[in-house]
Amino acid sequence: MKKVAIFPGSFDPFTKGHEDIVLRGLELFDEIIIGIGHNSKKHNRYFDIDKMVGYIEKTFENHTNVSVIVYNELTAQLAKKHNAKFLLRGLRNTTDFEYENSIAQVNRFLNDELESVFLITSPQFAAISSSIIREVHKYKGGVEEFLPYTLD
């Protein structure tokens with residue numbers, strides 16, 4: 001049976017850290033679906049969602065087993081729709097773990113076939129966060145070294 005994982009997030013923006021998690025995840029899974037979700041706590045995106053889909057698709061254009069979708073539903077339901085039995089998540093620190101652990105518990109309650117798999121962020125990407133990149137970009141700082149694509 002094909003092992004399909006959903007890598008959910010707001011990806012505002014998608015960083016080299018995210019790319020690293022996907023590439024490492026491909027060692028574990030046959031297919032990874034990058035799901036750009038609408039986070040009810042984040043009302044407005046900084047980076048246009050359609051452009052972000054394009055950037056991510058370009059990043060993985062040589063990986064036919066990676067796809068990108070936009071969704072607006074519970075991640076556990078999305079996984080059922082796509083026959084994904086796994087959620088892939090990256091952890092930078094213990095704060096991430098506490099947050100992700102709670103989400104994993106709820107997802108498992110909503111979909112008892114869904115297993116959350118956590119990969120520890122590679123050290124060179126541990127300090128990168130989308131919120132920091134947004135702030136640097138907002139004030140015209142260079143963010144190119146943190147992204148696996150070039151912004152338009």
# chains A, B, ... in the order shown; residues from 1 in each chain; ligands from 1
>>> residues_around(residues="stretch 45-57 of chain A", least_positions_apart="6", cutoff="12 Å", atoms="only C-alpha atoms", output="PyMOL selection string")
chain A and resi 9-16+18-19+22+33-39+63-71+130-138+147-152
>>> select_by_dssp(residues="chain A", states="strand (DSSP E or B)", output="PyMOL selection string")
chain A and resi 4-9+31-37+66-71+86-91+115-120
>>> write_last_selection(atoms="N, CA, C and O atoms", output="CSV table (one decimal), in the first residue's frame")
chain,number,residue,atom,x,y,z
A,4,VAL,N,1.1,7.7,1.9
A,4,VAL,CA,0.9,9.1,1.6
A,4,VAL,C,0.8,9.9,2.8
A,4,VAL,O,0.2,9.6,3.8
A,5,ALA,N,1.6,11.0,2.8
A,5,ALA,CA,1.6,12.0,3.9
A,5,ALA,C,1.1,13.3,3.5
A,5,ALA,O,1.4,13.8,2.4
A,6,ILE,N,0.4,14.0,4.4
A,6,ILE,CA,0.0,15.4,4.2
A,6,ILE,C,1.0,16.2,5.0
A,6,ILE,O,1.3,15.9,6.2
A,7,PHE,N,1.6,17.2,4.4
A,7,PHE,CA,2.4,18.2,5.1
A,7,PHE,C,1.7,19.5,5.2
A,7,PHE,O,1.7,20.3,4.3
A,8,PRO,N,0.9,19.7,6.3
A,8,PRO,CA,0.0,20.9,6.3
A,8,PRO,C,0.7,22.1,7.0
A,8,PRO,O,1.6,21.9,7.8
A,9,GLY,N,0.3,23.2,6.5
A,9,GLY,CA,0.8,24.5,7.1
A,9,GLY,C,0.2,25.7,6.4
A,9,GLY,O,-0.4,25.5,5.3
A,31,GLU,N,4.5,9.4,-1.3
A,31,GLU,CA,3.9,10.6,-1.8
A,31,GLU,C,3.7,11.6,-0.7
A,31,GLU,O,3.3,11.2,0.4
A,32,ILE,N,4.0,12.9,-1.0
A,32,ILE,CA,3.8,13.9,0.0
A,32,ILE,C,2.9,15.0,-0.6
A,32,ILE,O,3.2,15.5,-1.7
A,33,ILE,N,1.8,15.3,0.0
A,33,ILE,CA,0.9,16.4,-0.4
A,33,ILE,C,1.1,17.6,0.5
A,33,ILE,O,0.9,17.5,1.7
A,34,ILE,N,1.6,18.7,0.0
A,34,ILE,CA,1.8,19.9,0.8
A,34,ILE,C,0.5,20.6,0.8
A,34,ILE,O,0.0,21.0,-0.3
A,35,GLY,N,-0.1,20.7,1.9
A,35,GLY,CA,-1.4,21.3,2.1
A,35,GLY,C,-1.4,22.7,2.7
A,35,GLY,O,-1.0,22.8,3.8
A,36,ILE,N,-1.7,23.7,1.9
A,36,ILE,CA,-1.7,25.1,2.4
A,36,ILE,C,-3.1,25.3,2.9
A,36,ILE,O,-4.0,25.4,2.2
A,37,GLY,N,-3.1,25.4,4.2
A,37,GLY,CA,-4.4,25.5,4.9
A,37,GLY,C,-4.7,27.0,5.3
A,37,GLY,O,-3.8,27.8,5.4
A,66,VAL,N,5.5,14.8,-5.2
A,66,VAL,CA,5.1,15.9,-4.3
A,66,VAL,C,4.1,16.8,-5.1
A,66,VAL,O,4.3,17.1,-6.2
A,67,SER,N,3.0,17.1,-4.4
A,67,SER,CA,2.0,17.9,-5.0
A,67,SER,C,1.6,19.0,-3.9
A,67,SER,O,1.9,18.9,-2.7
A,68,VAL,N,0.9,20.0,-4.4
A,68,VAL,CA,0.5,21.1,-3.6
A,68,VAL,C,-1.0,21.4,-3.7
A,68,VAL,O,-1.4,21.4,-4.9
A,69,ILE,N,-1.7,21.5,-2.6
A,69,ILE,CA,-3.1,21.8,-2.7
A,69,ILE,C,-3.4,22.9,-1.7
A,69,ILE,O,-2.6,23.1,-0.7
A,70,VAL,N,-4.5,23.6,-1.9
A,70,VAL,CA,-5.0,24.6,-0.9
A,70,VAL,C,-6.3,24.0,-0.3
A,70,VAL,O,-7.1,23.4,-1.1
A,71,TYR,N,-6.4,24.1,1.0
A,71,TYR,CA,-7.6,23.5,1.6
A,71,TYR,C,-8.2,24.4,2.7
A,71,TYR,O,-7.5,25.2,3.3
A,86,PHE,N,-0.7,9.6,7.1
A,86,PHE,CA,0.3,10.3,7.9
A,86,PHE,C,0.2,11.8,7.7
A,86,PHE,O,-0.1,12.3,6.7
A,87,LEU,N,0.6,12.5,8.8
A,87,LEU,CA,0.8,13.9,8.8
A,87,LEU,C,2.3,14.1,9.0
A,87,LEU,O,2.8,13.5,10.0
A,88,LEU,N,2.9,14.9,8.2
A,88,LEU,CA,4.3,15.2,8.4
A,88,LEU,C,4.5,16.6,8.9
A,88,LEU,O,3.8,17.5,8.5
A,89,ARG,N,5.3,16.7,10.0
A,89,ARG,CA,5.5,18.0,10.6
A,89,ARG,C,6.9,18.1,11.0
A,89,ARG,O,7.6,17.1,11.3
A,90,GLY,N,7.4,19.3,11.0
A,90,GLY,CA,8.8,19.6,11.4
A,90,GLY,C,8.8,20.3,12.8
A,90,GLY,O,7.9,21.0,13.1
A,91,LEU,N,9.8,20.0,13.6
A,91,LEU,CA,9.9,20.5,14.9
A,91,LEU,C,11.2,21.3,15.1
A,91,LEU,O,12.3,20.6,14.9
A,115,GLU,N,-1.6,9.0,11.6
A,115,GLU,CA,-0.4,9.0,12.5
A,115,GLU,C,0.4,10.3,12.2
A,115,GLU,O,0.7,10.6,11.0
A,116,SER,N,0.8,11.0,13.2
A,116,SER,CA,1.6,12.2,13.0
A,116,SER,C,3.1,11.8,13.1
A,116,SER,O,3.4,11.1,14.0
A,117,VAL,N,3.9,12.2,12.2
A,117,VAL,CA,5.3,11.9,12.1
A,117,VAL,C,6.1,13.2,12.2
A,117,VAL,O,5.8,14.1,11.4
A,118,PHE,N,6.9,13.3,13.2
A,118,PHE,CA,7.7,14.6,13.4
A,118,PHE,C,9.1,14.4,13.0
A,118,PHE,O,9.8,13.4,13.5
A,119,LEU,N,9.7,15.3,12.3
A,119,LEU,CA,11.1,15.3,11.9
A,119,LEU,C,11.7,16.5,12.6
A,119,LEU,O,11.1,17.6,12.5
A,120,ILE,N,12.8,16.3,13.3
A,120,ILE,CA,13.5,17.4,13.9
A,120,ILE,C,14.2,18.3,12.8
A,120,ILE,O,14.8,17.7,11.9
>>> select_by_dssp(residues="stretch 42-132 of chain A", states="helix (DSSP H, G or I)", output="PyMOL selection string")
chain A and resi 49-59+75-81+94-110+123-125+130-132
>>> closest_residue(among="A:Ala79, A:Leu74, A:Met1, A:Leu23", to="A:Glu113", atoms="only C-alpha atoms")
A:Ala79
>>> residues_around(residues="A:Asn107", least_positions_apart="3", cutoff="9 Å", atoms="only C-alpha atoms", output="number ranges by chain")
A: 74-77, 102-104, 110-112, 114-116
>>> atom_distance(atom1="atom CA of A:Asn101", atom2="atom CA of A:Lys2")
25.3 Å
>>> atom_distance(atom1="atom CA of A:Asn83", atom2="atom CA of A:Lys58")
24.6 Å
>>> atom_distance(atom1="atom CA of A:Gln124", atom2="atom CA of A:Asp30")
25.8 Å
